[in-house]
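Dropping coords_7.txt in here (compact mmCIF, C-alpha atoms):
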```
# COMPACT_ATOMS: atom_id res chain seq x y z
CA MET A 1 -192.94 -75.76 56.32
CA GLY A 2 -189.36 -76.73 55.42
CA SER A 3 -188.04 -79.36 53.11
CA GLY A 4 -186.62 -81.39 55.98
CA LEU A 5 -183.05 -80.52 55.03
CA GLU A 6 -181.31 -78.10 57.32
CA PHE A 7 -177.87 -76.79 56.54
CA GLY A 8 -176.07 -75.17 59.41
CA PRO A 9 -172.70 -75.28 61.18
CA ALA A 10 -173.35 -78.81 62.49
CA SER A 11 -174.15 -80.08 58.99
CA LEU A 12 -171.01 -78.48 57.60
CA ALA A 13 -168.89 -79.96 60.40
CA ALA A 14 -170.42 -83.42 59.83
CA PHE A 15 -169.76 -83.14 56.08
CA ILE A 16 -166.11 -82.12 56.63
CA LEU A 17 -165.66 -84.97 59.12
CA PHE A 18 -167.22 -87.48 56.70
CA ILE A 19 -165.09 -86.34 53.76
CA GLY A 20 -162.02 -86.27 56.00
CA ILE A 21 -162.55 -89.90 57.01
CA LEU A 22 -162.96 -90.92 53.36
CA ILE A 23 -159.75 -89.08 52.44
CA ILE A 24 -157.82 -90.73 55.30
CA VAL A 25 -159.05 -94.19 54.30
CA HIS A 26 -158.26 -93.58 50.61
CA GLU A 27 -154.75 -92.23 51.17
CA LEU A 28 -154.05 -94.88 53.80
CA GLY A 29 -154.73 -97.50 51.12
CA HIS A 30 -152.08 -96.03 48.82
CA PHE A 31 -149.67 -95.57 51.76
CA LEU A 32 -149.94 -99.08 53.21
CA VAL A 33 -149.67 -100.86 49.86
CA ALA A 34 -146.71 -98.68 48.83
CA LYS A 35 -144.93 -99.58 52.07
CA TRP A 36 -145.79 -103.26 51.53
CA ALA A 37 -144.45 -103.06 47.96
CA GLY A 38 -141.13 -101.65 49.20
CA VAL A 39 -141.66 -98.18 47.72
CA ARG A 40 -140.31 -95.32 49.82
CA VAL A 41 -143.04 -92.93 50.93
CA LEU A 42 -141.73 -89.38 51.32
CA LYS A 43 -144.91 -87.58 52.40
CA PHE A 44 -148.40 -88.50 53.62
CA SER A 45 -150.63 -85.43 53.52
CA LEU A 46 -154.23 -84.86 54.49
CA GLY A 47 -155.17 -81.69 52.64
CA PHE A 48 -153.30 -79.41 50.28
CA GLY A 49 -151.35 -76.20 50.70
CA PRO A 50 -149.19 -75.11 53.60
CA PRO A 51 -148.97 -77.57 56.49
CA ILE A 52 -150.84 -76.81 59.72
CA LEU A 53 -149.40 -79.76 61.62
CA SER A 54 -146.43 -81.85 60.53
CA PHE A 55 -144.00 -84.39 61.92
CA THR A 56 -141.41 -86.77 60.51
CA ARG A 57 -141.12 -90.43 61.37
CA GLY A 58 -138.41 -92.35 59.57
CA GLU A 59 -138.18 -91.03 56.04
CA THR A 60 -141.85 -90.03 55.83
CA VAL A 61 -143.28 -86.58 56.60
CA TYR A 62 -146.84 -86.78 57.91
CA GLN A 63 -148.86 -83.58 57.64
CA VAL A 64 -152.29 -82.01 57.89
CA ALA A 65 -152.50 -79.14 55.42
CA ALA A 66 -154.63 -75.99 55.27
CA ILE A 67 -157.04 -76.89 52.45
CA PRO A 68 -159.03 -80.02 53.43
CA LEU A 69 -160.18 -80.93 49.93
CA GLY A 70 -158.14 -84.06 49.45
CA GLY A 71 -154.77 -85.51 50.25
CA PHE A 72 -151.81 -87.21 48.67
CA VAL A 73 -149.06 -89.75 49.18
CA LYS A 74 -145.74 -88.63 47.70
CA MET A 75 -143.59 -91.62 46.81
CA ALA A 76 -139.98 -91.64 45.69
CA GLY A 77 -139.86 -91.84 41.90
CA ASP A 78 -143.56 -91.16 41.28
CA SER A 79 -142.82 -88.23 38.97
CA PRO A 80 -142.05 -89.12 35.35
CA PHE A 81 -139.72 -86.10 35.23
CA ASP A 82 -137.50 -87.38 38.05
CA GLU A 83 -134.77 -89.11 36.06
CA ALA A 84 -132.52 -89.64 39.09
CA ALA A 85 -135.18 -91.88 40.67
CA GLU A 86 -134.97 -94.30 37.74
CA SER A 87 -131.71 -95.72 39.09
CA GLU A 88 -132.55 -95.74 42.81
CA PRO A 89 -134.01 -98.82 44.50
CA GLY A 90 -137.28 -98.45 46.39
CA THR A 91 -138.85 -96.01 43.93
CA PHE A 92 -142.28 -96.16 42.37
CA SER A 93 -140.87 -96.09 38.85
CA ARG A 94 -138.63 -99.13 39.56
CA ALA A 95 -141.38 -101.20 41.16
CA PRO A 96 -142.79 -104.01 39.00
CA ILE A 97 -145.87 -103.03 37.03
CA HIS A 98 -148.18 -105.26 39.07
CA ARG A 99 -147.07 -103.56 42.30
CA ARG A 100 -147.55 -100.10 40.78
CA ALA A 101 -151.06 -101.16 39.75
CA LEU A 102 -151.79 -102.42 43.27
CA ILE A 103 -150.58 -99.13 44.77
CA ALA A 104 -152.76 -97.13 42.38
CA LEU A 105 -155.84 -99.29 43.00
CA ALA A 106 -155.39 -99.50 46.78
CA GLY A 107 -157.01 -96.12 47.51
CA PRO A 108 -160.28 -96.87 45.70
CA ALA A 109 -160.25 -100.45 47.03
CA PHE A 110 -159.96 -99.19 50.61
CA ASN A 111 -162.84 -96.78 49.93
CA LEU A 112 -164.97 -99.70 48.73
CA ALA A 113 -164.00 -101.97 51.64
CA PHE A 114 -164.46 -99.31 54.34
CA PRO A 115 -168.29 -99.19 54.34
CA VAL A 116 -168.43 -103.00 54.32
CA VAL A 117 -166.15 -103.12 57.38
CA CYS A 118 -168.24 -100.39 59.06
CA PHE A 119 -171.47 -102.27 58.31
CA PHE A 120 -170.19 -105.51 59.82
CA ALA A 121 -168.64 -103.72 62.80
CA TYR A 122 -171.93 -101.93 63.47
CA ASN A 123 -173.85 -105.19 63.28
CA VAL A 124 -171.39 -107.06 65.51
CA ILE A 125 -170.81 -104.32 68.09
CA GLY A 126 -174.17 -102.60 67.82
CA PRO A 127 -174.98 -98.93 68.20
CA MET A 128 -172.84 -97.18 70.82
CA VAL A 129 -175.17 -94.23 71.39
```
Serialized structure, structure tokens:
Amino acid sequence: MGSGLEFGPASLAAFILFIGILIIVHELGHFLVAKWAGVRVLKFSLGFGPPILSFTRGETVYQVAAIPLGGFVKMAGDSPFDEAAESEPGTFSRAPIHRRALIALAGPAFNLAFPVVCFFAYNVIGPMV
């Protein structure tokens, strides 16, 4: 008699899909608020390492990378070692402190709001199975 938990290829695929959705929602929060705040976004990446799929739209490179353990949003001037970005408009380091705080908190806030939106959508639309 088993424990009721079965781990196989389908479970692994479901886990990767679930984590992938959470990563997309989290990084999308940072991305959208940075754009709203007038900060230039240079790269939006799902995953780390070498890109598997990549395209450029405007000044932003969108990519899916080889290691699906996270993601990142690279903004102009987000490195404290980039002294040239201090003088350029539209950089993270030149944004007012309240906007930088909103950008930083947007990822976790989107992660908190996402299940609430899913819950209400499920209850309004109903199961689609």
Counting only C-alpha atoms, figure out which residue out of A:Gly8, A:Gly49, A:Gly20, A:Pro80 gets nearest to Gln63 of chain A. A:Gly49
Tell me which protein, DNA and RNA residues are within 10 Å of Val25 of chain A, counting all atoms listed in the file, leaving out same-chain ones fewer than 5 positions away, and put them as a PyMOL selection string. chain A and resi 19-20+30-31+106-114
For the point (-148.7, -83.6, 56.4) in file coordinates, what residues are within 10 Å, counting only C-alpha atoms? Give the answer as a PyMOL selection string? chain A and resi 43-56+60-66+71-73
A:Ala37, A:Val116, A:Leu12, A:Ile23 ranked by distance to Ala104 of chain A, top pick (using all atoms listed in the file):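 Using all atoms listed in the file, Ala104 of chain A sits closest to A:Ala37.
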Just how far from atom CA of Lys74 of chain A is atom CA of Leu42 of chain A, in Å to one decimal?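 These atoms are spaced 5.5 Å apart.
The gap separating atom CA of Val41 of chain A from atom CA of Gly58 of chain A is 9.8 Å, in Å to one decimal.
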Residue contacts of Asp78 of chain A (10 Å, all atoms listed in the file) excluding same-chain residues fewer than 4 positions away, as a PyMOL selection string: chain A and resi 39+41+73-74+82+85-86+91-94+100
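Atom CA of Ile16 of chain A sits 26.8 Å away from atom CA of Arg57 of chain A.
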